[in-house]
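Colleague: I'm passing along model_29.cif; it holds mmCIF, C-alpha atoms and all ligand atoms.
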data_upload
loop_
_atom_site.label_atom_id
_atom_site.label_comp_id
_atom_site.auth_asym_id
_atom_site.auth_seq_id
_atom_site.Cartn_x
_atom_site.Cartn_y
_atom_site.Cartn_z
CA MET A 1345 7.25 8.24 -13.73
CA ARG A 1346 5.74 9.12 -10.38
CA LYS A 1347 2.18 7.81 -10.44
CA LYS A 1348 -0.89 8.83 -8.48
CA ILE A 1349 -2.37 5.72 -6.92
CA VAL A 1350 -5.42 5.03 -4.79
CA ALA A 1351 -5.54 1.48 -3.44
CA GLY A 1352 -8.25 -0.13 -1.34
CA ASN A 1353 -7.08 -2.64 1.24
CA TRP A 1354 -10.17 -4.67 2.01
CA LYS A 1355 -8.45 -6.58 4.84
CA MET A 1356 -10.60 -9.53 6.11
CA HIS A 1357 -13.87 -8.13 4.81
CA LYS A 1358 -16.33 -9.17 2.07
CA ASN A 1359 -17.27 -12.73 1.17
CA ALA A 1360 -17.52 -13.88 -2.46
CA GLU A 1361 -20.93 -12.36 -3.12
CA GLN A 1362 -20.11 -9.10 -1.33
CA THR A 1363 -16.86 -8.86 -3.27
CA GLU A 1364 -18.73 -9.15 -6.54
CA ASP A 1365 -21.30 -6.58 -5.43
CA LEU A 1366 -18.67 -4.04 -4.42
CA LEU A 1367 -16.70 -4.58 -7.63
CA ASN A 1368 -19.85 -4.09 -9.70
CA GLU A 1369 -20.59 -0.88 -7.86
CA LEU A 1370 -17.04 0.37 -8.37
CA ILE A 1371 -17.15 -0.44 -12.08
CA ALA A 1372 -20.43 1.45 -12.39
CA LYS A 1373 -19.40 4.46 -10.34
CA LEU A 1374 -15.71 5.04 -11.09
CA PRO A 1375 -15.14 7.32 -14.06
CA THR A 1376 -13.46 5.49 -16.94
CA GLU A 1377 -10.71 8.11 -16.96
CA THR A 1378 -9.25 8.85 -13.53
CA ASN A 1379 -6.18 10.83 -12.52
CA ALA A 1380 -5.14 7.97 -10.29
CA HIS A 1381 -4.28 4.34 -10.88
CA VAL A 1382 -6.88 2.42 -8.90
CA MET A 1383 -6.24 -0.88 -7.12
CA VAL A 1384 -8.32 -3.10 -4.87
CA ALA A 1385 -7.03 -5.82 -2.57
CA PRO A 1386 -9.74 -8.36 -1.70
CA THR A 1387 -9.00 -11.46 0.39
CA PHE A 1388 -7.06 -14.35 -1.15
CA VAL A 1389 -10.12 -16.50 -1.90
CA ASN A 1390 -11.71 -13.73 -3.95
CA LEU A 1391 -8.66 -12.67 -5.96
CA ALA A 1392 -9.26 -14.92 -8.97
CA SER A 1393 -12.86 -13.80 -9.38
CA ALA A 1394 -11.82 -10.15 -8.89
CA VAL A 1395 -9.25 -10.45 -11.67
CA ASP A 1396 -11.90 -11.96 -13.97
CA HIS A 1397 -14.43 -9.34 -13.04
CA LEU A 1398 -12.08 -6.43 -13.63
CA GLU A 1399 -10.56 -7.75 -16.85
CA PHE A 1400 -11.87 -4.99 -19.12
CA THR A 1401 -11.55 -2.16 -16.60
CA ASN A 1402 -8.59 -0.07 -15.49
CA ILE A 1403 -8.93 -1.25 -11.88
CA GLU A 1404 -6.01 -3.42 -10.82
CA VAL A 1405 -6.01 -6.19 -8.23
CA ALA A 1406 -3.52 -6.60 -5.39
CA ALA A 1407 -3.01 -9.38 -2.84
CA GLN A 1408 -2.69 -8.48 0.83
CA ASN A 1409 0.27 -10.76 1.52
CA LEU A 1410 2.36 -13.64 0.21
CA HIS A 1411 4.82 -16.16 1.63
CA ALA A 1412 8.52 -15.73 0.91
CA ALA A 1413 9.05 -19.39 -0.04
CA GLU A 1414 8.43 -20.63 -3.56
CA GLY A 1415 6.32 -23.49 -2.21
CA GLY A 1416 6.41 -26.31 0.29
CA ALA A 1417 5.05 -27.37 3.65
CA PHE A 1418 3.64 -24.05 4.81
CA THR A 1419 0.06 -24.83 5.80
CA GLY A 1420 -2.28 -21.95 5.14
CA GLU A 1421 0.15 -19.86 3.12
CA ILE A 1422 0.06 -18.55 -0.46
CA SER A 1423 3.02 -18.26 -2.83
CA ALA A 1424 3.89 -15.58 -5.37
CA ASP A 1425 3.55 -18.15 -8.16
CA MET A 1426 -0.02 -18.94 -7.04
CA LEU A 1427 -0.91 -15.25 -7.12
CA LYS A 1428 0.65 -14.78 -10.54
CA SER A 1429 -1.19 -17.87 -11.82
CA VAL A 1430 -4.54 -16.15 -11.21
CA GLY A 1431 -3.36 -12.87 -12.72
CA VAL A 1432 -2.39 -10.93 -9.59
CA THR A 1433 0.73 -8.84 -10.11
CA ASN A 1434 0.54 -6.45 -7.13
CA VAL A 1435 1.02 -7.28 -3.46
CA ILE A 1436 0.79 -5.36 -0.20
CA LEU A 1437 3.70 -6.25 2.10
CA GLY A 1438 4.68 -5.14 5.59
CA HIS A 1439 1.27 -3.91 6.68
CA SER A 1440 1.28 -2.93 10.36
CA GLU A 1441 -1.40 -5.53 11.09
CA ARG A 1442 0.93 -8.22 9.72
CA ARG A 1443 3.81 -6.79 11.73
CA ALA A 1444 1.86 -6.49 14.99
CA MET A 1445 -0.52 -9.46 14.94
CA PHE A 1446 1.41 -11.97 12.84
CA HIS A 1447 4.87 -11.07 14.13
CA GLU A 1448 6.38 -10.18 10.77
CA THR A 1449 9.82 -8.70 11.34
CA ASP A 1450 11.72 -6.47 8.96
CA ALA A 1451 13.76 -9.54 7.96
CA VAL A 1452 10.63 -11.54 7.12
CA ILE A 1453 9.24 -8.63 5.13
CA ALA A 1454 12.56 -8.17 3.32
CA ALA A 1455 12.45 -11.81 2.22
CA LYS A 1456 8.88 -11.37 0.97
CA VAL A 1457 9.94 -8.28 -0.98
CA ASP A 1458 12.68 -10.32 -2.66
CA THR A 1459 10.24 -13.06 -3.60
CA ALA A 1460 7.72 -10.59 -5.01
CA LEU A 1461 10.41 -8.85 -7.08
CA ARG A 1462 11.75 -12.17 -8.34
CA HIS A 1463 8.24 -12.76 -9.67
CA GLU A 1464 8.13 -9.26 -11.15
CA MET A 1465 5.29 -8.21 -8.91
CA THR A 1466 4.70 -4.62 -7.81
CA VAL A 1467 5.10 -4.25 -4.05
CA LEU A 1468 3.10 -1.79 -1.97
CA PHE A 1469 5.56 -1.59 0.90
CA CYS A 1470 3.85 -0.47 4.14
CA PHE A 1471 5.56 1.00 7.15
CA GLY A 1472 4.88 3.58 9.85
CA GLU A 1473 5.42 4.39 13.49
CA GLU A 1474 3.29 3.60 16.51
CA LEU A 1475 1.79 6.26 18.76
CA LYS A 1476 4.49 5.82 21.41
CA ASP A 1477 7.18 6.48 18.78
CA ARG A 1478 5.56 9.74 17.76
CA GLN A 1479 5.01 10.78 21.36
CA THR A 1480 8.68 10.23 22.13
CA GLY A 1481 9.84 11.95 18.95
CA ASN A 1482 11.25 8.71 17.59
CA HIS A 1483 9.03 8.50 14.49
CA PHE A 1484 11.62 9.50 11.91
CA ASN A 1485 14.09 6.94 13.27
CA ILE A 1486 11.51 4.15 13.24
CA VAL A 1487 10.45 4.91 9.68
CA GLU A 1488 14.04 5.13 8.45
CA ASN A 1489 14.89 1.80 10.08
CA GLN A 1490 11.83 0.07 8.62
CA LEU A 1491 12.85 1.29 5.16
CA ARG A 1492 16.51 0.34 5.57
CA ASP A 1493 15.87 -3.09 7.14
CA GLY A 1494 12.91 -4.14 5.01
CA LEU A 1495 13.52 -2.58 1.64
CA PHE A 1496 16.80 -0.82 0.98
CA HIS A 1497 18.67 -4.04 0.19
CA ILE A 1498 16.95 -4.14 -3.23
CA GLU A 1499 18.79 -3.27 -6.42
CA ALA A 1500 18.25 0.16 -7.93
CA LYS A 1501 16.70 -1.37 -11.06
CA ASN A 1502 13.83 -2.80 -9.00
CA TRP A 1503 12.53 0.53 -7.72
CA ASP A 1504 10.07 0.82 -10.58
CA LYS A 1505 8.25 -2.10 -8.92
CA ILE A 1506 8.01 -0.36 -5.53
CA VAL A 1507 5.23 1.82 -4.16
CA LEU A 1508 5.76 3.15 -0.64
CA ALA A 1509 2.80 3.37 1.73
CA TYR A 1510 3.35 5.37 4.89
CA GLU A 1511 0.73 4.30 7.40
CA PRO A 1512 1.17 5.66 10.93
CA VAL A 1513 -0.21 2.90 13.15
CA TRP A 1514 -2.02 5.39 15.39
CA ALA A 1515 -4.09 6.58 12.42
CA ILE A 1516 -5.19 3.16 11.13
CA GLY A 1517 -8.85 2.42 11.77
CA THR A 1518 -8.94 4.98 14.56
CA GLY A 1519 -10.60 7.86 12.77
CA GLU A 1520 -7.57 9.91 13.71
CA THR A 1521 -5.72 11.04 10.59
CA ALA A 1522 -2.25 12.49 10.40
CA SER A 1523 -2.75 16.16 9.59
CA PRO A 1524 -1.89 17.05 6.00
CA ASP A 1525 1.21 18.81 7.33
CA GLN A 1526 2.29 15.79 9.38
CA ALA A 1527 1.82 13.58 6.31
CA GLN A 1528 3.79 15.97 4.09
CA GLU A 1529 6.59 16.27 6.66
CA MET A 1530 7.00 12.51 6.86
CA HIS A 1531 6.60 11.92 3.11
CA GLN A 1532 9.29 14.50 2.41
CA PHE A 1533 11.56 12.79 4.95
CA ILE A 1534 10.89 9.42 3.29
CA ARG A 1535 11.70 10.80 -0.16
CA GLU A 1536 14.93 12.37 1.14
CA THR A 1537 15.86 9.09 2.83
CA VAL A 1538 15.40 7.28 -0.49
CA ARG A 1539 17.41 10.03 -2.21
CA LYS A 1540 20.40 9.61 0.13
CA SER A 1541 20.69 5.91 -0.67
CA PHE A 1542 19.44 5.67 -4.25
CA GLY A 1543 19.76 9.11 -5.85
CA ASN A 1544 17.48 11.72 -7.40
CA ASP A 1545 15.91 9.69 -10.15
CA ILE A 1546 14.53 7.00 -7.88
CA ALA A 1547 13.54 9.43 -5.11
CA ASP A 1548 11.68 11.74 -7.49
CA ASN A 1549 9.90 8.90 -9.26
CA VAL A 1550 8.76 6.69 -6.39
CA SER A 1551 5.11 7.06 -5.41
CA ILE A 1552 4.53 7.54 -1.69
CA LEU A 1553 0.97 6.82 -0.53
CA TYR A 1554 -0.53 7.87 2.77
CA GLY A 1555 -2.74 5.46 4.72
CA GLY A 1556 -4.67 5.90 7.94
CA SER A 1557 -8.32 7.02 8.22
CA VAL A 1558 -8.44 8.62 4.78
CA LYS A 1559 -12.07 9.56 4.12
CA PRO A 1560 -13.88 11.54 1.43
CA ASP A 1561 -13.82 14.63 3.65
CA ASN A 1562 -10.07 14.71 4.28
CA ALA A 1563 -8.69 13.20 1.07
CA VAL A 1564 -8.48 16.40 -0.97
CA GLU A 1565 -6.36 18.17 1.61
CA ILE A 1566 -4.03 15.22 2.21
CA PHE A 1567 -3.61 14.50 -1.51
CA SER A 1568 -2.86 18.16 -2.23
CA LYS A 1569 0.50 17.89 -0.46
CA PRO A 1570 3.44 17.74 -2.88
CA ASP A 1571 4.98 14.52 -1.58
CA VAL A 1572 1.71 12.63 -1.13
CA ASP A 1573 1.05 10.63 -4.29
CA GLY A 1574 -2.20 8.98 -3.25
CA GLY A 1575 -3.59 6.75 -0.55
CA LEU A 1576 -3.94 3.25 0.80
CA ILE A 1577 -7.49 3.12 2.05
CA GLY A 1578 -8.95 0.70 4.60
CA GLY A 1579 -12.44 1.27 6.01
CA ALA A 1580 -13.54 3.80 3.40
CA ALA A 1581 -12.60 1.39 0.59
CA LEU A 1582 -15.43 -0.92 1.66
CA LYS A 1583 -18.11 1.55 0.57
CA ALA A 1584 -18.18 2.24 -3.15
CA ASP A 1585 -19.36 5.84 -2.81
CA ASP A 1586 -16.63 6.72 -0.32
CA PHE A 1587 -13.89 5.00 -2.31
CA VAL A 1588 -14.99 6.64 -5.56
CA ALA A 1589 -15.06 10.03 -3.82
CA ILE A 1590 -11.52 9.46 -2.57
CA VAL A 1591 -10.32 8.44 -6.05
CA ASN A 1592 -11.97 11.55 -7.46
CA SER A 1593 -10.13 13.68 -4.87
CA ILE A 1594 -6.83 13.17 -6.68
P1 LIG A 1601 -8.13 2.79 7.54
O1 LIG A 1601 -8.32 3.59 6.30
O2 LIG A 1601 -9.33 1.99 7.92
O3 LIG A 1601 -7.59 3.62 8.67
O4 LIG A 1601 -6.99 1.68 7.22
C1 LIG A 1601 -5.81 2.08 6.61
C2 LIG A 1601 -5.05 0.86 6.24
O5 LIG A 1601 -4.61 0.11 7.09
C3 LIG A 1601 -4.86 0.58 4.81
O6 LIG A 1601 -3.94 -0.44 4.62
#
Take the structure in the file and write it out as structure tokens.

Modeller:
Amino acid sequence: MRKKIVAGNWKMHKNAEQTEDLLNELIAKLPTETNAHVMVAPTFVNLASAVDHLEFTNIEVAAQNLHAAEGGAFTGEISADMLKSVGVTNVILGHSERRAMFHETDAVIAAKVDTALRHEMTVLFCFGEELKDRQTGNHFNIVENQLRDGLFHIEAKNWDKIVLAYEPVWAIGTGETASPDQAQEMHQFIRETVRKSFGNDIADNVSILYGGSVKPDNAVEIFSKPDVDGGLIGGAALKADDFVAIVNSI
């Protein structure tokens, strides 16, 4: 079933106390029944407490990354088993900040996807073109290649563990959003690309989120597009009122 999802990617923000404060505010302000599945992705060190805090709510917790290896001499890294051991079953992979600043290639991301799926985690698979790609009309090619090289090796049966998150790099943290029509055009292309390789069932059921400067004042219009199934929210997820307003826009 295609789900509506709004996920907050907190990136490297919020210490332990601030995490607790924001979670408390979200619990107080989010309606108990929402049209969207709601997720938050605090930093690694605050995941365990977030899981505890959210135990009796319908807010899910996601990690922002994992390492592809099961364990070993990888100083500073976190394994899927460690995440699962504190109750985290969702993970964001392939974020453009990981690709650009931490040199994650499609091959690295593909290996992480495999590890996450082996551990039966849900993957929020991020991808999206840079400004230069859009300016040169190469954006569809880039997006198709990121999907093919990072994700399309998975087995059909694993697609129920995949959420796609289209995040054009030029719209992330810039205040510049893709127009609702640009988002719809790309989301439709993404769904058709999935359809060509995996068929109607998978294409019609996969949720495709939009990310990039989603705010309370543009969420309704973006979410109203037929192939946009929700959002991956950065900056606006750090303020409870804004995030709740975005969730309520679905
Ligand atoms: P902003 O909402 O701050 O543009 O960030 C989007 C994002 O990168 C979510 O993963």

Colleague: Around (9.1, -10.7, 6.1) in the file's own coordinates, what residues are found within 10 Å if you use all atoms listed in the file, given back as a list in words?

Modeller: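 It turns out the residues near that spot are Asn1409, Leu1410, His1411, Ala1412, Leu1437, Gly1438, Arg1442, Arg1443, His1447, Glu1448, Thr1449, Asp1450, Ala1451, Val1452, Ile1453, Ala1454, Ala1455, Lys1456, Val1457, Asp1458 and Gly1494 of chain A.
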
Colleague: Each residue of chain A with at least one atom at most 7 Å from ligand LIG 1601 (chain A) should appear once, together with its nearest atom pair and the corresponding distance in Å (one decimal); atoms considered: all atoms listed in the file; ordering: chain, then increasing residue number; output as a Markdown table.

Modeller:
| residue | atom | partner | partner_atom | distance |
| --- | --- | --- | --- | --- |
| A:Asn1353 | CA | A:LIG1601 | O6 | 5.1 |
| A:His1439 | CA | A:LIG1601 | O6 | 6.6 |
| A:Glu1511 | CA | A:LIG1601 | O5 | 6.8 |
| A:Ala1515 | CA | A:LIG1601 | O3 | 5.9 |
| A:Ile1516 | CA | A:LIG1601 | O3 | 3.5 |
| A:Gly1517 | CA | A:LIG1601 | O3 | 3.6 |
| A:Thr1518 | CA | A:LIG1601 | O3 | 6.2 |
| A:Gly1519 | CA | A:LIG1601 | O3 | 6.6 |
| A:Gly1555 | CA | A:LIG1601 | C1 | 4.9 |
| A:Gly1556 | CA | A:LIG1601 | O3 | 3.8 |
| A:Ser1557 | CA | A:LIG1601 | O3 | 3.5 |
| A:Val1558 | CA | A:LIG1601 | O1 | 5.3 |
| A:Leu1576 | CA | A:LIG1601 | C3 | 4.9 |
| A:Ile1577 | CA | A:LIG1601 | O1 | 4.4 |
| A:Gly1578 | CA | A:LIG1601 | O1 | 3.4 |
| A:Gly1579 | CA | A:LIG1601 | O2 | 3.7 |
| A:Ala1580 | CA | A:LIG1601 | O1 | 6.0 |

Colleague: Write the selection just made, keeping C-alpha atoms, as a tab-separated table (two decimals), keeping the file's coordinate frame?

Modeller:
chain	number	residue	atom	x	y	z
A	1353	ASN	CA	-7.08	-2.64	1.24
A	1439	HIS	CA	1.27	-3.91	6.68
A	1511	GLU	CA	0.73	4.30	7.40
A	1515	ALA	CA	-4.09	6.58	12.42
A	1516	ILE	CA	-5.19	3.16	11.13
A	1517	GLY	CA	-8.85	2.42	11.77
A	1518	THR	CA	-8.94	4.98	14.56
A	1519	GLY	CA	-10.60	7.86	12.77
A	1555	GLY	CA	-2.74	5.46	4.72
A	1556	GLY	CA	-4.67	5.90	7.94
A	1557	SER	CA	-8.32	7.02	8.22
A	1558	VAL	CA	-8.44	8.62	4.78
A	1576	LEU	CA	-3.94	3.25	0.80
A	1577	ILE	CA	-7.49	3.12	2.05
A	1578	GLY	CA	-8.95	0.70	4.60
A	1579	GLY	CA	-12.44	1.27	6.01
A	1580	ALA	CA	-13.54	3.80	3.40

Colleague: Of the candidates A:Ile1349, A:Leu1475, A:Ala1406, A:Leu1374, which shows the shortest atom-to-atom distance to Ala1509 (chain A), using all atoms listed in the file?

Modeller: A:Ile1349

Colleague: In the coordinate frame of the file, compute which residues have an atom within 6 Å of (-3.0, 12.0, -3.5) when using all atoms listed in the file, and state them as a PDB file with C-alpha atoms, in the frame of the given file.

Modeller:
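Listing of result06.pdb after writing:
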ATOM      1  CA  PHE A1567      -3.610  14.500  -1.510  1.00  0.00           C
ATOM      2  CA  VAL A1572       1.710  12.630  -1.130  1.00  0.00           C
ATOM      3  CA  ASP A1573       1.050  10.630  -4.290  1.00  0.00           C
ATOM      4  CA  GLY A1574      -2.200   8.980  -3.250  1.00  0.00           C
ATOM      5  CA  ILE A1594      -6.830  13.170  -6.680  1.00  0.00           C
TER       6      ILE A1594
END

Colleague: Could you please determine the separation between CA of His1357 (chain A) and CA of Phe1587 (chain A) in Å, to one decimal place?

Modeller: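 Atom-to-atom, CA of His1357 (chain A) to CA of Phe1587 (chain A), that is 14.9 Å.
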
Colleague: Starting from the incomplete input, reconstruct all heavy atoms of region 1360-1371 of chain A and write that as a PDB file, in the frame of the given file.

Modeller:
ATOM      1  N   ALA A1360     -17.550 -13.832  -0.990  1.00  0.00           N
ATOM      2  CA  ALA A1360     -17.520 -13.880  -2.460  1.00  0.00           C
ATOM      3  C   ALA A1360     -18.600 -12.986  -3.073  1.00  0.00           C
ATOM      4  O   ALA A1360     -18.337 -12.189  -3.991  1.00  0.00           O
ATOM      5  CB  ALA A1360     -17.692 -15.321  -2.930  1.00  0.00           C
ATOM      6  N   GLU A1361     -19.814 -13.116  -2.551  1.00  0.00           N
ATOM      7  CA  GLU A1361     -20.930 -12.360  -3.120  1.00  0.00           C
ATOM      8  C   GLU A1361     -20.747 -10.850  -2.870  1.00  0.00           C
ATOM      9  O   GLU A1361     -20.977 -10.021  -3.762  1.00  0.00           O
ATOM     10  CB  GLU A1361     -22.214 -12.860  -2.456  1.00  0.00           C
ATOM     11  CG  GLU A1361     -23.467 -12.426  -3.156  1.00  0.00           C
ATOM     12  CD  GLU A1361     -24.712 -12.912  -2.401  1.00  0.00           C
ATOM     13  OE1 GLU A1361     -24.641 -13.939  -1.688  1.00  0.00           O
ATOM     14  OE2 GLU A1361     -25.737 -12.231  -2.519  1.00  0.00           O
ATOM     15  N   GLN A1362     -20.316 -10.521  -1.668  1.00  0.00           N
ATOM     16  CA  GLN A1362     -20.110  -9.100  -1.330  1.00  0.00           C
ATOM     17  C   GLN A1362     -18.968  -8.495  -2.155  1.00  0.00           C
ATOM     18  O   GLN A1362     -19.005  -7.325  -2.535  1.00  0.00           O
ATOM     19  CB  GLN A1362     -19.811  -8.960   0.170  1.00  0.00           C
ATOM     20  CG  GLN A1362     -20.985  -9.320   1.060  1.00  0.00           C
ATOM     21  CD  GLN A1362     -20.561  -9.632   2.488  1.00  0.00           C
ATOM     22  OE1 GLN A1362     -19.387  -9.874   2.778  1.00  0.00           O
ATOM     23  NE2 GLN A1362     -21.521  -9.637   3.404  1.00  0.00           N
ATOM     24  N   THR A1363     -17.971  -9.324  -2.440  1.00  0.00           N
ATOM     25  CA  THR A1363     -16.860  -8.860  -3.270  1.00  0.00           C
ATOM     26  C   THR A1363     -17.372  -8.494  -4.658  1.00  0.00           C
ATOM     27  O   THR A1363     -17.074  -7.413  -5.193  1.00  0.00           O
ATOM     28  CB  THR A1363     -15.769  -9.946  -3.380  1.00  0.00           C
ATOM     29  OG1 THR A1363     -15.233 -10.166  -2.079  1.00  0.00           O
ATOM     30  CG2 THR A1363     -14.651  -9.548  -4.330  1.00  0.00           C
ATOM     31  N   GLU A1364     -18.180  -9.397  -5.208  1.00  0.00           N
ATOM     32  CA  GLU A1364     -18.730  -9.150  -6.540  1.00  0.00           C
ATOM     33  C   GLU A1364     -19.605  -7.899  -6.541  1.00  0.00           C
ATOM     34  O   GLU A1364     -19.513  -7.065  -7.450  1.00  0.00           O
ATOM     35  CB  GLU A1364     -19.549 -10.378  -6.956  1.00  0.00           C
ATOM     36  CG  GLU A1364     -19.519 -10.622  -8.434  1.00  0.00           C
ATOM     37  CD  GLU A1364     -20.029 -12.014  -8.762  1.00  0.00           C
ATOM     38  OE1 GLU A1364     -19.322 -12.985  -8.439  1.00  0.00           O
ATOM     39  OE2 GLU A1364     -21.129 -12.087  -9.310  1.00  0.00           O
ATOM     40  N   ASP A1365     -20.408  -7.755  -5.513  1.00  0.00           N
ATOM     41  CA  ASP A1365     -21.300  -6.580  -5.430  1.00  0.00           C
ATOM     42  C   ASP A1365     -20.489  -5.282  -5.391  1.00  0.00           C
ATOM     43  O   ASP A1365     -20.789  -4.322  -6.093  1.00  0.00           O
ATOM     44  CB  ASP A1365     -22.179  -6.645  -4.174  1.00  0.00           C
ATOM     45  CG  ASP A1365     -23.255  -7.717  -4.287  1.00  0.00           C
ATOM     46  OD1 ASP A1365     -23.473  -8.208  -5.418  1.00  0.00           O
ATOM     47  OD2 ASP A1365     -23.850  -8.058  -3.246  1.00  0.00           O
ATOM     48  N   LEU A1366     -19.458  -5.269  -4.549  1.00  0.00           N
ATOM     49  CA  LEU A1366     -18.670  -4.040  -4.420  1.00  0.00           C
ATOM     50  C   LEU A1366     -17.916  -3.744  -5.723  1.00  0.00           C
ATOM     51  O   LEU A1366     -17.847  -2.594  -6.169  1.00  0.00           O
ATOM     52  CB  LEU A1366     -17.692  -4.163  -3.236  1.00  0.00           C
ATOM     53  CG  LEU A1366     -16.786  -2.962  -2.944  1.00  0.00           C
ATOM     54  CD1 LEU A1366     -17.570  -1.653  -2.858  1.00  0.00           C
ATOM     55  CD2 LEU A1366     -15.995  -3.179  -1.651  1.00  0.00           C
ATOM     56  N   LEU A1367     -17.396  -4.799  -6.354  1.00  0.00           N
ATOM     57  CA  LEU A1367     -16.700  -4.580  -7.630  1.00  0.00           C
ATOM     58  C   LEU A1367     -17.657  -4.027  -8.681  1.00  0.00           C
ATOM     59  O   LEU A1367     -17.321  -3.103  -9.425  1.00  0.00           O
ATOM     60  CB  LEU A1367     -16.047  -5.877  -8.123  1.00  0.00           C
ATOM     61  CG  LEU A1367     -14.875  -6.382  -7.273  1.00  0.00           C
ATOM     62  CD1 LEU A1367     -14.374  -7.716  -7.799  1.00  0.00           C
ATOM     63  CD2 LEU A1367     -13.731  -5.365  -7.235  1.00  0.00           C
ATOM     64  N   ASN A1368     -18.865  -4.588  -8.726  1.00  0.00           N
ATOM     65  CA  ASN A1368     -19.850  -4.090  -9.700  1.00  0.00           C
ATOM     66  C   ASN A1368     -20.161  -2.624  -9.460  1.00  0.00           C
ATOM     67  O   ASN A1368     -20.275  -1.838 -10.399  1.00  0.00           O
ATOM     68  CB  ASN A1368     -21.142  -4.910  -9.621  1.00  0.00           C
ATOM     69  CG  ASN A1368     -20.982  -6.252 -10.309  1.00  0.00           C
ATOM     70  OD1 ASN A1368     -20.115  -6.410 -11.172  1.00  0.00           O
ATOM     71  ND2 ASN A1368     -21.792  -7.221  -9.916  1.00  0.00           N
ATOM     72  N   GLU A1369     -20.285  -2.274  -8.190  1.00  0.00           N
ATOM     73  CA  GLU A1369     -20.590  -0.880  -7.860  1.00  0.00           C
ATOM     74  C   GLU A1369     -19.426   0.039  -8.254  1.00  0.00           C
ATOM     75  O   GLU A1369     -19.628   1.130  -8.783  1.00  0.00           O
ATOM     76  CB  GLU A1369     -20.860  -0.778  -6.358  1.00  0.00           C
ATOM     77  CG  GLU A1369     -22.212  -0.191  -6.035  1.00  0.00           C
ATOM     78  CD  GLU A1369     -22.352   0.123  -4.552  1.00  0.00           C
ATOM     79  OE1 GLU A1369     -22.174  -0.799  -3.736  1.00  0.00           O
ATOM     80  OE2 GLU A1369     -22.607   1.288  -4.221  1.00  0.00           O
ATOM     81  N   LEU A1370     -18.220  -0.444  -8.004  1.00  0.00           N
ATOM     82  CA  LEU A1370     -17.040   0.370  -8.370  1.00  0.00           C
ATOM     83  C   LEU A1370     -16.959   0.554  -9.884  1.00  0.00           C
ATOM     84  O   LEU A1370     -16.690   1.648 -10.381  1.00  0.00           O
ATOM     85  CB  LEU A1370     -15.753  -0.271  -7.852  1.00  0.00           C
ATOM     86  CG  LEU A1370     -15.533  -0.248  -6.346  1.00  0.00           C
ATOM     87  CD1 LEU A1370     -14.246  -0.970  -5.978  1.00  0.00           C
ATOM     88  CD2 LEU A1370     -15.496   1.185  -5.822  1.00  0.00           C
ATOM     89  N   ILE A1371     -17.209  -0.538 -10.611  1.00  0.00           N
ATOM     90  CA  ILE A1371     -17.150  -0.440 -12.080  1.00  0.00           C
ATOM     91  C   ILE A1371     -18.185   0.571 -12.567  1.00  0.00           C
ATOM     92  O   ILE A1371     -17.912   1.391 -13.446  1.00  0.00           O
ATOM     93  CB  ILE A1371     -17.396  -1.838 -12.716  1.00  0.00           C
ATOM     94  CG1 ILE A1371     -16.228  -2.775 -12.398  1.00  0.00           C
ATOM     95  CG2 ILE A1371     -17.574  -1.719 -14.228  1.00  0.00           C
ATOM     96  CD1 ILE A1371     -16.503  -4.243 -12.709  1.00  0.00           C
TER      97      ILE A1371
END
